[in-house]
Amino acid sequence: MRAEELAVKAALGVELPTREVMLEIEPSSRLYQHNGATFLTAHVLFHADTETPDITPISFVLTQGRLVTIHYEEPRSFQVFASHAGRDNSLCLTGPVALVGLVEAIVDCTAHILERTGAEVNAIARRIFAPEAGWRSSKDFADILRKLGRKQDLISKGRDSLVTLARLLSFLGLPDEI
């Protein structure tokens with residue numbers, strides 16, 4: 001990966017944030033401009049369909065009409081965008097156009113995850129409060145609490161991701177509803 005970073009730096013003359021910087025960056029420092037380049041770092045949900053969903057920092061650098069992404073995980077939304085861009089090259093005509101397409105894919109994937117997770121939480125609640133459910137064992141309740149805890153963790157991480165994207169769009173002056 002370091003070879004790629006050095007090649008981008010040589011081609012565009014831009015110092016890219018390292019993984020360590022991306023992990024440690026304060027929320028108030030995630031969006032800035034330096035030497036004609038715009039640097040944007042967002043948290044993006046990944047591994048949402050596993051037992052250990054997480055968020056990962058992704059930096060977007062707009063410079064000279066190009067978009068550079070720095071990421072060390074491959075969120076599903078990137079795969080979705082790449083698939084769409086493979087069928088419609090107008091999605092990558094410029095860096096800003098590609099950034100809007102990527103953000104749209106991230107928002108869309110995250111929204112689907114949150115909708116599905118909300119429906120799963122509702123189904124659990126219906127089972128808990130159903131009159132015919134009767135008393136359950138403490139093991140059943142422990143299992144339910146674990147499931148609800150995992151769902152809440154996923155929802156929290158999805159919302160964190162969407163908040164960082166809203167800040168990114170606001171910084172760029174784009175509407176939050178793309």
# chains A, B, ... in the order shown; residues from 1 in each chain; ligands from 1
>>> select_by_dssp(residues="stretch 21-158 of chain A", states="helix (DSSP H, G or I)", output="PyMOL selection string")
chain A and resi 21-24+27-29+76-87+89-92+95-129+131-133+138-158
>>> residues_around(residues="A:Leu45", least_positions_apart="2", cutoff="9 Å", atoms="only C-alpha atoms", output="list in words")
His43, His47, Ala48, Pro53, Asp54, Ile55, Thr56, Pro75, Arg76, Ser77, Ile106, Thr110, Leu154, Lys157, Gly158, Asp160 and Ser161 of chain A
>>> write_last_selection(atoms="C-alpha atoms", output="PDB file, in the first residue's frame")
ATOM      1  CA  HIS A  43     -16.441   6.785   9.177  1.00  0.00           C
ATOM      2  CA  HIS A  47     -18.814  -6.026   8.032  1.00  0.00           C
ATOM      3  CA  ALA A  48     -22.439  -5.130   8.752  1.00  0.00           C
ATOM      4  CA  PRO A  53     -19.830  -4.915  12.435  1.00  0.00           C
ATOM      5  CA  ASP A  54     -17.486  -1.964  12.609  1.00  0.00           C
ATOM      6  CA  ILE A  55     -16.730   1.433  11.181  1.00  0.00           C
ATOM      7  CA  THR A  56     -13.535   2.361   9.407  1.00  0.00           C
ATOM      8  CA  PRO A  75     -16.937  -1.578   2.542  1.00  0.00           C
ATOM      9  CA  ARG A  76     -19.675  -3.168   0.464  1.00  0.00           C
ATOM     10  CA  SER A  77     -20.710   0.302  -0.700  1.00  0.00           C
ATOM     11  CA  ILE A 106     -22.463   4.575   1.163  1.00  0.00           C
ATOM     12  CA  THR A 110     -26.194   2.154   5.233  1.00  0.00           C
ATOM     13  CA  LEU A 154     -24.959  -1.874  14.448  1.00  0.00           C
ATOM     14  CA  LYS A 157     -22.311   2.571  14.063  1.00  0.00           C
ATOM     15  CA  GLY A 158     -24.584   3.166  11.061  1.00  0.00           C
ATOM     16  CA  ASP A 160     -22.185   7.508  13.291  1.00  0.00           C
ATOM     17  CA  SER A 161     -21.313   6.834   9.671  1.00  0.00           C
TER      18      SER A 161
END
>>> residues_around(residues="A:His34", least_positions_apart="5", cutoff="10 Å", atoms="only C-alpha atoms", output="ChimeraX atom specification")
/A:14-15,39,63
>>> write_last_selection(atoms="N, CA and C atoms", output="mmCIF file, in the first residue's frame")
data_model
loop_
_atom_site.group_PDB
_atom_site.id
_atom_site.type_symbol
_atom_site.label_atom_id
_atom_site.label_comp_id
_atom_site.auth_asym_id
_atom_site.auth_seq_id
_atom_site.Cartn_x
_atom_site.Cartn_y
_atom_site.Cartn_z
ATOM 1 N N VAL A 14 0.563 15.573 -3.589
ATOM 2 C CA VAL A 14 -0.247 15.701 -2.383
ATOM 3 C C VAL A 14 0.217 14.676 -1.355
ATOM 4 N N GLU A 15 0.434 15.149 -0.134
ATOM 5 C CA GLU A 15 0.774 14.259 0.971
ATOM 6 C C GLU A 15 -0.516 13.638 1.496
ATOM 7 N N PHE A 39 -9.422 17.643 1.854
ATOM 8 C CA PHE A 39 -9.282 16.385 2.570
ATOM 9 C C PHE A 39 -10.534 16.162 3.401
ATOM 10 N N THR A 63 -8.360 16.702 -5.555
ATOM 11 C CA THR A 63 -7.289 17.568 -6.013
ATOM 12 C C THR A 63 -7.178 17.480 -7.530
#
>>> atom_distance(atom1="atom CA of A:Val44", atom2="atom CA of A:Pro57")
6.3 Å
>>> closest_residue(among="A:Glu73, A:Leu114, A:Arg126, A:Thr41", to="A:Glu24", atoms="only C-alpha atoms")
A:Thr41
>>> closest_residue(among="A:Asn89, A:Ser28, A:Asn35, A:Thr69", to="A:Val8", atoms="only C-alpha atoms")
A:Thr69
>>> select_by_dssp(residues="chain A", states="strand (DSSP E)", output="PyMOL selection string")
chain A and resi 31-34+37-46+54-63+66-70
>>> write_last_selection(atoms="C-alpha atoms", output="mmCIF file, in the first residue's frame")
data_model
loop_
_atom_site.group_PDB
_atom_site.id
_atom_site.type_symbol
_atom_site.label_atom_id
_atom_site.label_comp_id
_atom_site.auth_asym_id
_atom_site.auth_seq_id
_atom_site.Cartn_x
_atom_site.Cartn_y
_atom_site.Cartn_z
ATOM 1 C CA LEU A 31 -12.480 18.171 6.938
ATOM 2 C CA TYR A 32 -9.916 20.657 5.669
ATOM 3 C CA GLN A 33 -8.190 22.192 2.673
ATOM 4 C CA HIS A 34 -4.440 22.329 2.211
ATOM 5 C CA ALA A 37 -6.530 19.918 -2.094
ATOM 6 C CA THR A 38 -9.648 19.111 -0.074
ATOM 7 C CA PHE A 39 -9.282 16.385 2.570
ATOM 8 C CA LEU A 40 -12.389 14.670 3.932
ATOM 9 C CA THR A 41 -12.436 11.774 6.376
ATOM 10 C CA ALA A 42 -15.625 9.887 7.178
ATOM 11 C CA HIS A 43 -16.441 6.785 9.177
ATOM 12 C CA VAL A 44 -17.989 4.108 7.000
ATOM 13 C CA LEU A 45 -19.793 0.985 8.148
ATOM 14 C CA PHE A 46 -18.333 -2.365 7.108
ATOM 15 C CA ASP A 54 -17.486 -1.964 12.609
ATOM 16 C CA ILE A 55 -16.730 1.433 11.181
ATOM 17 C CA THR A 56 -13.535 2.361 9.407
ATOM 18 C CA PRO A 57 -12.106 5.753 8.570
ATOM 19 C CA ILE A 58 -11.979 6.537 4.877
ATOM 20 C CA SER A 59 -10.289 9.642 3.570
ATOM 21 C CA PHE A 60 -11.345 11.275 0.333
ATOM 22 C CA VAL A 61 -8.926 13.710 -1.273
ATOM 23 C CA LEU A 62 -10.121 15.987 -4.052
ATOM 24 C CA THR A 63 -7.289 17.568 -6.013
ATOM 25 C CA ARG A 66 -9.434 13.930 -9.258
ATOM 26 C CA LEU A 67 -10.590 11.847 -6.320
ATOM 27 C CA VAL A 68 -8.219 9.740 -4.247
ATOM 28 C CA THR A 69 -9.642 7.430 -1.588
ATOM 29 C CA ILE A 70 -7.563 6.092 1.263
#
>>> atom_distance(atom1="atom CA of A:Val100", atom2="atom CA of A:Leu169")
8.9 Å
